[in-house]
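run-v1.tsv, holding TSV, C-alpha atoms:
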chain	number	residue	atom	x	y	z
A	1	MET	CA	0.00	0.00	0.00
A	2	SER	CA	2.90	2.37	0.67
A	3	LEU	CA	4.11	1.96	-2.94
A	4	LEU	CA	0.59	2.66	-4.20
A	5	GLN	CA	0.45	5.80	-2.08
A	6	ASP	CA	3.85	6.84	-3.39
A	7	LEU	CA	2.66	6.45	-6.96
A	8	LEU	CA	-0.49	8.46	-6.27
A	9	SER	CA	1.67	11.23	-4.80
A	10	ILE	CA	3.96	11.59	-7.82
A	11	ASN	CA	4.52	15.24	-8.73
A	12	LEU	CA	4.21	15.29	-12.52
A	13	SER	CA	5.86	18.70	-12.85
A	14	ASP	CA	9.18	17.08	-11.92
A	15	THR	CA	9.28	15.16	-15.19
A	16	THR	CA	6.75	16.57	-17.68
A	17	GLU	CA	4.86	19.70	-18.75
A	18	LYS	CA	1.74	17.59	-19.26
A	19	ILE	CA	-1.17	17.88	-16.86
A	20	ILE	CA	-4.29	15.85	-16.06
A	21	ALA	CA	-7.71	17.46	-16.48
A	22	GLU	CA	-10.68	15.80	-14.77
A	23	TYR	CA	-13.83	16.68	-16.76
A	24	ILE	CA	-16.94	16.73	-14.53
A	25	TRP	CA	-20.58	16.71	-15.61
A	26	ILE	CA	-24.06	16.04	-14.24
A	27	GLY	CA	-25.62	12.69	-15.15
A	28	GLY	CA	-29.11	11.70	-16.16
A	29	SER	CA	-30.73	11.81	-12.71
A	30	GLY	CA	-29.83	15.47	-12.38
A	31	MET	CA	-27.92	14.73	-9.17
A	32	ASP	CA	-25.35	12.07	-10.10
A	33	LEU	CA	-21.93	13.49	-10.83
A	34	ARG	CA	-19.75	11.83	-13.47
A	35	SER	CA	-16.15	12.48	-14.43
A	36	LYS	CA	-13.28	11.21	-16.54
A	37	ALA	CA	-9.71	12.38	-17.05
A	38	ARG	CA	-7.57	13.30	-20.03
A	39	THR	CA	-3.98	14.37	-20.57
A	40	LEU	CA	-3.27	17.90	-21.81
A	41	PRO	CA	0.07	19.12	-23.22
A	42	GLY	CA	0.44	21.87	-20.60
A	43	PRO	CA	-1.28	24.05	-17.99
A	44	VAL	CA	-4.55	25.78	-18.91
A	45	SER	CA	-6.31	28.52	-16.94
A	46	ASP	CA	-8.98	29.61	-19.42
A	47	PRO	CA	-11.85	27.12	-20.00
A	48	SER	CA	-12.35	28.43	-23.55
A	49	ARG	CA	-8.88	27.06	-24.41
A	50	LEU	CA	-9.78	23.55	-23.28
A	51	PRO	CA	-10.86	20.99	-25.89
A	52	LYS	CA	-14.44	19.80	-25.99
A	53	TRP	CA	-14.85	16.10	-25.24
A	54	ASN	CA	-17.54	13.45	-25.51
A	55	TYR	CA	-19.01	10.57	-23.53
A	56	ASP	CA	-21.47	7.71	-23.88
A	57	GLY	CA	-24.80	9.25	-22.93
A	58	SER	CA	-26.57	5.88	-23.16
A	59	SER	CA	-24.63	4.83	-20.05
A	60	THR	CA	-25.71	7.89	-18.05
A	61	GLY	CA	-29.40	7.97	-18.99
A	62	GLN	CA	-28.90	10.94	-21.33
A	63	ALA	CA	-28.99	9.40	-24.82
A	64	THR	CA	-30.10	6.30	-26.69
A	65	GLY	CA	-27.72	3.53	-27.70
A	66	ASP	CA	-28.10	4.21	-31.42
A	67	ASP	CA	-27.13	7.89	-31.01
A	68	SER	CA	-25.19	7.95	-27.76
A	69	GLU	CA	-22.56	10.64	-28.20
A	70	VAL	CA	-22.90	13.64	-25.88
A	71	ILE	CA	-20.45	16.56	-26.10
A	72	LEU	CA	-18.86	18.20	-23.05
A	73	TYR	CA	-18.25	21.95	-23.15
A	74	PRO	CA	-15.72	23.08	-20.49
A	75	GLN	CA	-17.11	26.00	-18.47
A	76	ALA	CA	-15.06	26.50	-15.29
A	77	ILE	CA	-11.63	25.44	-14.04
A	78	PHE	CA	-10.57	24.60	-10.48
A	79	ARG	CA	-7.33	23.31	-8.99
A	80	ASP	CA	-7.38	19.55	-8.41
A	81	PRO	CA	-6.97	18.83	-4.67
A	82	PHE	CA	-6.50	15.11	-5.32
A	83	ARG	CA	-3.73	15.17	-7.95
A	84	ARG	CA	-2.50	18.67	-7.02
A	85	GLY	CA	0.36	20.27	-8.92
A	86	LYS	CA	-0.93	21.99	-12.05
A	87	ASN	CA	-3.70	19.43	-12.58
A	88	ILE	CA	-7.25	20.71	-12.81
A	89	LEU	CA	-10.92	19.92	-12.31
A	90	VAL	CA	-13.14	21.12	-15.15
A	91	MET	CA	-16.87	21.74	-14.69
A	92	CYS	CA	-18.66	21.05	-17.98
A	93	ASP	CA	-22.16	21.12	-19.38
A	94	ALA	CA	-23.52	18.77	-22.02
A	95	TYR	CA	-24.75	19.18	-25.61
A	96	THR	CA	-25.84	17.13	-28.58
A	97	PRO	CA	-23.36	16.84	-31.49
A	98	ALA	CA	-25.47	19.51	-33.23
A	99	GLY	CA	-24.75	21.94	-30.39
A	100	GLN	CA	-28.10	21.85	-28.60
A	101	PRO	CA	-28.14	21.60	-24.79
A	102	ILE	CA	-29.42	18.21	-23.66
A	103	PRO	CA	-32.50	18.22	-21.34
A	104	THR	CA	-30.46	17.76	-18.16
A	105	ASN	CA	-28.22	20.73	-19.00
A	106	LYS	CA	-29.70	23.34	-16.66
A	107	ARG	CA	-26.62	25.56	-16.88
A	108	PHE	CA	-27.45	26.70	-20.41
A	109	ALA	CA	-30.77	28.31	-19.45
A	110	ALA	CA	-29.25	29.75	-16.26
A	111	GLU	CA	-26.45	31.39	-18.23
A	112	LYS	CA	-29.02	33.09	-20.49
A	113	ILE	CA	-30.72	34.62	-17.45
A	114	PHE	CA	-27.45	35.70	-15.86
A	115	SER	CA	-26.36	37.26	-19.17
A	116	HIS	CA	-29.46	39.47	-19.38
A	117	PRO	CA	-28.37	43.13	-19.15
A	118	ASP	CA	-30.78	43.86	-16.29
A	119	VAL	CA	-29.40	40.95	-14.27
A	120	VAL	CA	-25.78	41.81	-15.06
A	121	ALA	CA	-26.39	45.38	-13.85
A	122	GLU	CA	-27.71	44.10	-10.50
A	123	GLU	CA	-24.70	41.82	-9.80
A	124	PRO	CA	-26.64	39.08	-7.96
A	125	TRP	CA	-24.71	37.56	-5.06
A	126	TYR	CA	-25.46	34.14	-3.63
A	127	GLY	CA	-24.48	32.26	-0.51
A	128	ILE	CA	-25.71	28.67	-0.51
A	129	GLU	CA	-25.92	26.60	2.69
A	130	GLN	CA	-25.53	22.99	1.50
A	131	GLU	CA	-26.72	20.44	4.06
A	132	TYR	CA	-25.97	16.74	3.61
A	133	THR	CA	-26.02	13.46	5.54
A	134	LEU	CA	-23.23	10.91	5.91
A	135	LEU	CA	-24.41	7.29	5.82
A	136	GLN	CA	-22.78	4.01	6.82
A	137	LYS	CA	-21.91	2.29	3.55
A	138	ASP	CA	-23.59	-1.13	3.75
A	139	VAL	CA	-26.69	-0.24	5.73
A	140	ASN	CA	-27.57	3.29	4.50
A	141	TRP	CA	-28.03	4.46	8.09
A	142	PRO	CA	-26.57	7.74	9.37
A	143	LEU	CA	-22.97	7.75	10.49
A	144	GLY	CA	-22.67	7.37	14.26
A	145	TRP	CA	-26.14	5.91	14.69
A	146	PRO	CA	-26.51	2.40	16.14
A	147	ILE	CA	-27.47	0.02	13.33
A	148	GLY	CA	-31.23	-0.45	13.43
A	149	GLY	CA	-31.50	1.97	16.33
A	150	PHE	CA	-31.54	5.66	17.11
A	151	PRO	CA	-29.30	8.08	19.00
A	152	GLY	CA	-30.56	10.42	21.69
A	153	PRO	CA	-32.99	13.14	20.61
A	154	GLN	CA	-31.88	16.27	18.79
A	155	GLY	CA	-30.37	19.03	20.86
A	156	PRO	CA	-26.67	18.39	21.58
A	157	TYR	CA	-25.55	17.76	17.99
A	158	TYR	CA	-25.85	21.17	16.29
A	159	CYS	CA	-22.31	22.60	16.18
A	160	GLY	CA	-21.47	20.01	18.85
A	161	ALA	CA	-18.10	18.53	19.80
A	162	GLY	CA	-17.32	15.10	21.17
A	163	ALA	CA	-17.29	11.49	20.04
A	164	ASP	CA	-20.96	11.08	21.00
A	165	LYS	CA	-22.10	14.22	19.16
A	166	ALA	CA	-20.00	14.80	16.02
A	167	PHE	CA	-19.71	11.98	13.49
A	168	GLY	CA	-17.52	12.35	10.39
A	169	ARG	CA	-15.59	15.51	11.27
A	170	ASP	CA	-12.44	14.28	9.46
A	171	ILE	CA	-14.44	14.06	6.23
A	172	VAL	CA	-15.91	17.52	6.78
A	173	ASN	CA	-12.56	19.17	7.50
A	174	SER	CA	-10.88	17.40	4.58
A	175	HIS	CA	-13.61	18.71	2.32
A	176	TYR	CA	-13.26	22.23	3.69
A	177	LYS	CA	-9.53	22.37	2.95
A	178	ALA	CA	-9.89	20.64	-0.43
A	179	CYS	CA	-12.45	23.24	-1.55
A	180	LEU	CA	-10.21	26.10	-0.46
A	181	TYR	CA	-7.32	24.49	-2.34
A	182	ALA	CA	-9.51	24.11	-5.45
A	183	GLY	CA	-10.36	27.82	-5.45
A	184	ILE	CA	-13.97	27.41	-4.39
A	185	ASN	CA	-15.25	30.26	-2.26
A	186	ILE	CA	-16.32	28.00	0.60
A	187	SER	CA	-17.10	30.24	3.53
A	188	GLY	CA	-17.69	27.84	6.41
A	189	ILE	CA	-18.85	24.50	7.80
A	190	ASN	CA	-20.88	23.32	10.80
A	191	GLY	CA	-22.48	20.27	12.32
A	192	GLU	CA	-26.24	20.19	11.85
A	193	VAL	CA	-29.21	19.46	14.13
A	194	MET	CA	-29.54	15.80	13.18
A	195	PRO	CA	-26.49	13.70	14.12
A	196	GLY	CA	-24.54	12.60	11.06
A	197	GLN	CA	-25.71	15.66	9.16
A	198	TRP	CA	-23.40	18.54	8.24
A	199	GLU	CA	-23.41	21.77	6.27
A	200	PHE	CA	-20.97	23.75	4.17
A	201	GLN	CA	-21.53	27.19	2.72
A	202	VAL	CA	-20.43	28.43	-0.70
A	203	GLY	CA	-20.35	32.15	-1.37
A	204	PRO	CA	-20.66	34.95	-1.79
A	205	ALA	CA	-20.51	34.04	-5.46
A	206	VAL	CA	-21.76	36.12	-8.38
A	207	GLY	CA	-24.25	34.81	-10.94
A	208	ILE	CA	-23.50	31.53	-12.71
A	209	SER	CA	-20.34	30.95	-10.66
A	210	ALA	CA	-22.48	30.06	-7.63
A	211	GLY	CA	-23.77	27.00	-9.48
A	212	ASP	CA	-20.35	26.04	-10.83
A	213	GLU	CA	-18.75	26.28	-7.40
A	214	LEU	CA	-21.48	24.36	-5.57
A	215	TRP	CA	-21.47	21.52	-8.10
A	216	VAL	CA	-17.68	21.15	-7.90
A	217	ALA	CA	-17.84	21.33	-4.08
A	218	ARG	CA	-20.37	18.47	-4.21
A	219	TYR	CA	-18.08	16.53	-6.53
A	220	ILE	CA	-15.11	16.94	-4.18
A	221	LEU	CA	-17.26	15.78	-1.27
A	222	GLU	CA	-18.37	12.71	-3.25
A	223	ARG	CA	-14.72	11.86	-3.91
A	224	ILE	CA	-13.72	12.29	-0.27
A	225	THR	CA	-16.59	10.15	1.04
A	226	GLU	CA	-15.63	7.55	-1.59
A	227	ILE	CA	-12.13	7.43	-0.11
A	228	ALA	CA	-13.54	7.23	3.43
A	229	GLY	CA	-15.97	4.42	2.55
A	230	VAL	CA	-18.97	6.51	3.55
A	231	VAL	CA	-22.11	7.22	1.49
A	232	LEU	CA	-23.09	10.83	0.82
A	233	SER	CA	-26.81	11.64	0.80
A	234	PHE	CA	-28.54	14.80	-0.36
A	235	ASP	CA	-31.99	13.42	0.48
A	236	PRO	CA	-34.09	16.29	1.92
A	237	LYS	CA	-35.56	14.03	4.62
A	238	PRO	CA	-33.25	11.03	5.07
A	239	ILE	CA	-34.88	9.83	8.32
A	240	LYS	CA	-38.61	9.92	8.98
A	241	GLY	CA	-39.95	11.21	12.26
A	242	ASP	CA	-38.73	13.84	14.69
A	243	TRP	CA	-35.48	14.58	12.86
A	244	ASN	CA	-34.53	17.65	10.87
A	245	GLY	CA	-34.41	17.42	7.09
A	246	ALA	CA	-31.65	18.72	4.84
A	247	GLY	CA	-31.95	21.92	2.84
A	248	ALA	CA	-29.93	24.29	0.70
A	249	HIS	CA	-30.93	27.69	2.05
A	250	THR	CA	-30.03	30.27	-0.57
A	251	ASN	CA	-28.94	33.73	0.55
A	252	TYR	CA	-29.37	36.39	-2.09
A	253	SER	CA	-28.83	40.06	-2.74
A	254	THR	CA	-28.62	42.48	-5.65
A	255	LYS	CA	-26.73	45.75	-5.97
A	256	SER	CA	-29.98	47.62	-5.25
A	257	MET	CA	-30.59	45.56	-2.11
A	258	ARG	CA	-27.06	46.20	-0.87
A	259	SER	CA	-27.40	49.97	-1.41
A	260	ASP	CA	-29.14	52.59	0.74
A	261	GLY	CA	-32.88	52.02	0.64
A	262	GLY	CA	-32.30	48.36	-0.11
A	263	PHE	CA	-34.77	47.11	2.49
A	264	ASP	CA	-37.69	48.32	0.37
A	265	VAL	CA	-36.16	46.58	-2.66
A	266	ILE	CA	-35.91	43.37	-0.62
A	267	LYS	CA	-39.58	43.55	0.38
A	268	LYS	CA	-40.65	44.09	-3.24
A	269	ALA	CA	-38.52	41.11	-4.31
A	270	ILE	CA	-40.16	38.92	-1.66
A	271	GLU	CA	-43.59	39.97	-2.93
A	272	LYS	CA	-42.56	38.73	-6.38
A	273	LEU	CA	-41.36	35.43	-4.91
A	274	GLU	CA	-44.76	34.98	-3.27
A	275	LEU	CA	-46.48	35.42	-6.64
A	276	ARG	CA	-44.44	32.52	-8.09
A	277	HIS	CA	-44.35	30.34	-4.96
A	278	LYS	CA	-45.72	27.22	-6.67
A	279	GLU	CA	-43.33	27.52	-9.61
A	280	HIS	CA	-40.35	27.87	-7.28
A	281	ILE	CA	-41.40	24.94	-5.09
A	282	ALA	CA	-41.73	22.76	-8.21
A	283	ALA	CA	-38.12	23.58	-9.11
A	284	TYR	CA	-36.58	23.46	-5.63
A	285	GLY	CA	-35.78	19.76	-5.34
A	286	GLU	CA	-37.34	16.29	-5.39
A	287	GLY	CA	-39.01	15.06	-2.19
A	288	ASN	CA	-39.12	18.53	-0.67
A	289	GLU	CA	-42.70	17.89	0.51
A	290	ARG	CA	-41.25	15.47	3.09
A	291	ARG	CA	-39.11	18.30	4.48
A	292	LEU	CA	-41.29	21.42	4.20
A	293	THR	CA	-43.91	20.41	6.78
A	294	GLY	CA	-44.06	23.52	8.95
A	295	HIS	CA	-41.98	21.72	11.57
A	296	HIS	CA	-38.23	21.33	12.19
A	297	GLU	CA	-37.37	24.91	11.18
A	298	THR	CA	-39.35	24.86	7.92
A	299	ALA	CA	-42.42	26.55	6.50
A	300	ASP	CA	-45.39	24.59	5.16
A	301	ILE	CA	-44.77	23.79	1.49
A	302	ASN	CA	-48.22	25.10	0.48
A	303	LYS	CA	-47.98	28.46	2.25
A	304	PHE	CA	-45.62	31.34	1.52
A	305	SER	CA	-44.42	33.40	4.47
A	306	TRP	CA	-41.60	35.73	5.34
A	307	GLY	CA	-40.28	37.34	8.49
A	308	VAL	CA	-37.31	38.85	10.25
A	309	ALA	CA	-35.18	36.24	12.05
A	310	ASN	CA	-37.95	33.66	11.54
A	311	ARG	CA	-36.51	30.24	10.71
A	312	GLY	CA	-40.01	28.86	10.30
A	313	ALA	CA	-40.71	31.16	7.34
A	314	SER	CA	-40.28	30.55	3.60
A	315	VAL	CA	-38.01	33.59	3.39
A	316	ARG	CA	-36.02	35.02	6.29
A	317	ILE	CA	-34.51	38.46	6.65
A	318	GLY	CA	-31.67	38.76	9.14
A	319	ARG	CA	-31.62	41.23	12.01
A	320	ASP	CA	-28.48	42.88	10.61
A	321	THR	CA	-30.26	43.60	7.32
A	322	GLU	CA	-33.27	45.04	9.15
A	323	LYS	CA	-31.03	47.25	11.28
A	324	ALA	CA	-28.91	48.48	8.35
A	325	GLY	CA	-31.91	49.01	6.08
A	326	LYS	CA	-30.14	47.08	3.33
A	327	GLY	CA	-28.47	43.73	2.72
A	328	TYR	CA	-29.78	40.31	1.73
A	329	PHE	CA	-32.48	37.72	2.40
A	330	GLU	CA	-32.49	33.95	2.74
A	331	ASP	CA	-34.79	31.70	0.69
A	332	ARG	CA	-35.21	28.71	3.02
A	333	ARG	CA	-37.32	26.63	0.64
A	334	PRO	CA	-34.70	24.87	-1.57
A	335	ALA	CA	-34.03	21.23	-0.72
A	336	SER	CA	-30.54	19.80	-0.28
A	337	ASN	CA	-30.83	18.04	-3.66
A	338	MET	CA	-31.76	21.18	-5.61
A	339	ASP	CA	-29.90	22.16	-8.77
A	340	PRO	CA	-28.08	25.42	-7.97
A	341	TYR	CA	-28.19	26.49	-11.63
A	342	VAL	CA	-31.99	26.28	-11.52
A	343	VAL	CA	-32.48	27.86	-8.09
A	344	THR	CA	-30.06	30.78	-8.45
A	345	SER	CA	-31.22	31.75	-11.93
A	346	MET	CA	-34.89	31.40	-11.00
A	347	ILE	CA	-34.49	33.72	-8.01
A	348	ALA	CA	-32.77	36.28	-10.27
A	349	GLU	CA	-35.43	35.91	-12.96
A	350	THR	CA	-38.31	36.37	-10.52
A	351	THR	CA	-36.86	39.25	-8.54
A	352	ILE	CA	-35.19	41.20	-11.36
A	353	LEU	CA	-36.88	40.34	-14.64
A	354	LEU	CA	-40.47	39.74	-13.48
A	355	LYS	CA	-42.41	42.97	-13.89
A	356	PRO	CA	-44.87	44.02	-11.12
Final C-alpha cells representation of the file:
Amino acid sequence: MSLLQDLLSINLSDTTEKIIAEYIWIGGSGMDLRSKARTLPGPVSDPSRLPKWNYDGSSTGQATGDDSEVILYPQAIFRDPFRRGKNILVMCDAYTPAGQPIPTNKRFAAEKIFSHPDVVAEEPWYGIEQEYTLLQKDVNWPLGWPIGGFPGPQGPYYCGAGADKAFGRDIVNSHYKACLYAGINISGINGEVMPGQWEFQVGPAVGISAGDELWVARYILERITEIAGVVLSFDPKPIKGDWNGAGAHTNYSTKSMRSDGGFDVIKKAIEKLELRHKEHIAAYGEGNERRLTGHHETADINKFSWGVANRGASVRIGRDTEKAGKGYFEDRRPASNMDPYVVTSMIAETTILLKP
C-alpha cells in the first residue's frame, strides 16, 4: 500500500509539462456526478482554451444507444486537490453533437438569465448553505447511529463537539480544505441538528459561478466520502420522524438591495417570490414535501411566508439587514438536492426580470 500511495503522490511537474484534467458533468438523474480524465500538453487557466470532449450518454441515462454521443463543453476550471500540482478539475455542461443543450443541462438556461443586461447590472450575489447526511456504507443508516437503532434526541448535535455528538468531522474538515485548495469560495462548515448531518456554505458568489462552485464542491465531497468508505446523501428528509431534514438555504442580494434604501427593494422582491411560490417549489428539489412540513425549522410547502429572524418562514430576513436598512435575504425553501443552476437563476429571474 505504501508503494501505491507513493505512486499516487507523484509530482508530474518534476518530469513533464503535461497535466491531467478531470472533466466533470451532471448525469441523467440530475444529481449524479460523473467524471473522466484526459492528458493535456500543458497548464490551462482559461476554459475556452480547453478541448471539448464526448461521452457515452446511453450509459448515463442521457442518450439512446443508437445515437449515444454527448459533447462536453468546459465552463469552469478549479485546482485539483487530489492530484495537485498543475492538474485541474473542469466543470462542464452537455450538448448534442449539433450543439443543442441536452434536457439535463440546466446551466445553459441559467447562463441566459445571468447574461441578461438587467441581471448583469444588478450583480446578484449568492451564498448557498448545502446540508448533507453521511451514511454508513452497507446499511444506509446515518454515520454514528446504532445500526437499526436511534441516537438520543436532537439538541446536543448542532455545532457540537465530542465522540458522541459529532460523526464524520475528518471528512468535513478534509472537504473544507480541499475546496479552499480548489479555489472554491467555501465560507464555512458546521455540524447540523440531526447527528450525522453537516453543512458547508459556498459564497458569496456572483451569478453563474455560484452554481459552478457548488457543483464542484459536491463533486469533491463525493470523492472524499468515496475514499472514506462513507455514502453521501442529499436526500431532503433522510430519516422519517422527529429529525430535521436537509436543505440548501439560498442567501441572495442584488446591488440595489445592498445599497441605501435596499430594504424596500428586498420587500418588493419577496412579494414577487410569493407570486411565483408554486413555480419555485416545483423547481426546488425532489421530495421537498417530506421536508417542508411547517416543523423542524421549515415553512409549510403550500404556504408562503416571510419574516425577520424567523426560521419557520419561507423567506427570512436577518436582524443585521433590518437594522442596516439594506443587505440580503435567505430563501429557506430549496431542498438539499436542488440544482443550484436552476435555483439561483430562477431567483434572479423572478426578482429582477419579473415585472410588477
Would you list the contacts of Thr96 of chain A as a ChimeraX atom specification, taking every protein, DNA or RNA residue within 8 Å and counting only C-alpha atoms, but skipping same-chain residues closer than 5 positions in sequence? /A:69-71,101-102
Let me see the file: selected residues, C-alpha atoms, as a PDB file, keeping the file's coordinate frame.
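Final file, selection-v4.pdb:
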ATOM      1  CA  GLU A  69     -22.560  10.640 -28.200  1.00  0.00           C
ATOM      2  CA  VAL A  70     -22.900  13.640 -25.880  1.00  0.00           C
ATOM      3  CA  ILE A  71     -20.450  16.560 -26.100  1.00  0.00           C
ATOM      4  CA  PRO A 101     -28.140  21.600 -24.790  1.00  0.00           C
ATOM      5  CA  ILE A 102     -29.420  18.210 -23.660  1.00  0.00           C
TER       6      ILE A 102
END
Which residue of A:Lys18, A:Lys355, A:Lys165, A:Lys86 approaches Lys272 of chain A most closely, using all atoms listed in the file: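 Closest residue, counting all atoms listed in the file: A:Lys355.
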Among the residues A:Gly307, A:Pro103, A:Pro117, A:Pro74, the one that comes closest to Pro51 of chain A [using all atoms listed in the file]: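 Closest to Pro51 of chain A, using all atoms listed in the file: A:Pro74.
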Nearest residue to Ile281 of chain A from the set A:Val90, A:Ile224, A:Val343, A:Ile266 (distances using all atoms listed in the file):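 Ranking A:Val90, A:Ile224, A:Val343, A:Ile266 by distance to Ile281 of chain A, first place goes to A:Val343.
Excluding Leu8 of chain A and any residue on its chain fewer than 4 positions from it, the residues at most 12 Å away by only C-alpha atoms are Met1, Ser2, Leu3, Leu4, Leu12, Phe82, Arg83 and Arg84 of chain A.
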Please indicate the distance in Å from atom CA of Pro97 of chain A to atom CA of Glu111 of chain A, rounded to one decimal place.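 If I compute the distance from atom CA of Pro97 of chain A to atom CA of Glu111 of chain A, I get 19.9 Å.
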Selected residue, from A:Gly160, A:Trp125, A:Val265, A:Val342, that lies nearest to Ser253 of chain A when counting only C-alpha atoms: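 Using only C-alpha atoms, the shortest distance to Ser253 of chain A belongs to A:Trp125.
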Find the residue from A:Asp56, A:Glu349, A:Glu226, A:Asp331 that sits nearest to Pro124 of chain A; use only C-alpha atoms when measuring. A:Glu349
Measuring atom to atom with only C-alpha atoms, identify which of A:Thr254, A:Ser305, A:Thr321, A:Ser13 is nearest to Leu273 of chain A.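 That would be A:Ser305, the residue with the smallest distance to Leu273 of chain A.
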Between atom CA of Arg333 of chain A and atom CA of Val202 of chain A, distance in Å (one decimal): 17.0 Å
Could you please determine the separation between atom CA of Gly287 of chain A and atom CA of Cys159 of chain A in Å, to one decimal place?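 Atom CA of Cys159 of chain A lies 25.9 Å from atom CA of Gly287 of chain A.
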Give as JSON, numbers by chain every residue, naming chains and numbers as the document does, that has an atom within 7 Å of (-42.4, 27.7, 9.1), counting all atoms listed in the file. {"A": [294, 295, 297, 298, 299, 300, 311, 312, 313, 314]}
What's the 10 Å shell around segment 230-247 of chain A, counting all atoms listed in the file, without same-chain residues fewer than 5 positions away, as a compact mmCIF listing (two decimals) with C-alpha atoms, keeping the file's coordinate frame?
# COMPACT_ATOMS: atom_id res chain seq x y z
CA MET A 31 -27.92 14.73 -9.17
CA ILE A 128 -25.71 28.67 -0.51
CA GLU A 129 -25.92 26.60 2.69
CA GLN A 130 -25.53 22.99 1.50
CA GLU A 131 -26.72 20.44 4.06
CA TYR A 132 -25.97 16.74 3.61
CA THR A 133 -26.02 13.46 5.54
CA LEU A 134 -23.23 10.91 5.91
CA LEU A 135 -24.41 7.29 5.82
CA GLN A 136 -22.78 4.01 6.82
CA LYS A 137 -21.91 2.29 3.55
CA ASP A 138 -23.59 -1.13 3.75
CA VAL A 139 -26.69 -0.24 5.73
CA ASN A 140 -27.57 3.29 4.50
CA TRP A 141 -28.03 4.46 8.09
CA PRO A 142 -26.57 7.74 9.37
CA LEU A 143 -22.97 7.75 10.49
CA PRO A 153 -32.99 13.14 20.61
CA GLN A 154 -31.88 16.27 18.79
CA GLY A 168 -17.52 12.35 10.39
CA ILE A 171 -14.44 14.06 6.23
CA GLU A 192 -26.24 20.19 11.85
CA VAL A 193 -29.21 19.46 14.13
CA MET A 194 -29.54 15.80 13.18
CA PRO A 195 -26.49 13.70 14.12
CA GLN A 197 -25.71 15.66 9.16
CA TRP A 198 -23.40 18.54 8.24
CA GLU A 199 -23.41 21.77 6.27
CA ARG A 218 -20.37 18.47 -4.21
CA LEU A 221 -17.26 15.78 -1.27
CA GLU A 222 -18.37 12.71 -3.25
CA ARG A 223 -14.72 11.86 -3.91
CA ILE A 224 -13.72 12.29 -0.27
CA THR A 225 -16.59 10.15 1.04
CA TYR A 284 -36.58 23.46 -5.63
CA GLY A 285 -35.78 19.76 -5.34
CA GLU A 286 -37.34 16.29 -5.39
CA GLY A 287 -39.01 15.06 -2.19
CA ASN A 288 -39.12 18.53 -0.67
CA GLU A 289 -42.70 17.89 0.51
CA ARG A 290 -41.25 15.47 3.09
CA ARG A 291 -39.11 18.30 4.48
CA LEU A 292 -41.29 21.42 4.20
CA THR A 293 -43.91 20.41 6.78
CA HIS A 295 -41.98 21.72 11.57
CA HIS A 296 -38.23 21.33 12.19
CA GLU A 297 -37.37 24.91 11.18
CA THR A 298 -39.35 24.86 7.92
CA ARG A 332 -35.21 28.71 3.02
CA ARG A 333 -37.32 26.63 0.64
CA PRO A 334 -34.70 24.87 -1.57
CA ALA A 335 -34.03 21.23 -0.72
CA SER A 336 -30.54 19.80 -0.28
CA ASN A 337 -30.83 18.04 -3.66
CA MET A 338 -31.76 21.18 -5.61
Please identify all polymer residues within 10 Å of Ser345 of chain A, counting all atoms listed in the file, omitting same-chain residues fewer than 4 positions from it, and present them as a ChimeraX atom specification. /A:106-107,109-114,119,124,207-208,210-211,340-341,349-351
Counting all atoms listed in the file, select every polymer residue within 6 Å of (-9.2, 21.2, -9.2) as defined in the file's coordinates, and provide the selection as a PyMOL selection string. chain A and resi 78-81+88-89+182
Could you save the residues just selected, with C-alpha atoms, as a short mmCIF file (atom, residue, chain, number, x, y, z; two decimals), in the frame of the given file?
data_model
loop_
_atom_site.label_atom_id
_atom_site.label_comp_id
_atom_site.auth_asym_id
_atom_site.auth_seq_id
_atom_site.Cartn_x
_atom_site.Cartn_y
_atom_site.Cartn_z
CA PHE A 78 -10.57 24.60 -10.48
CA ARG A 79 -7.33 23.31 -8.99
CA ASP A 80 -7.38 19.55 -8.41
CA PRO A 81 -6.97 18.83 -4.67
CA ILE A 88 -7.25 20.71 -12.81
CA LEU A 89 -10.92 19.92 -12.31
CA ALA A 182 -9.51 24.11 -5.45
#
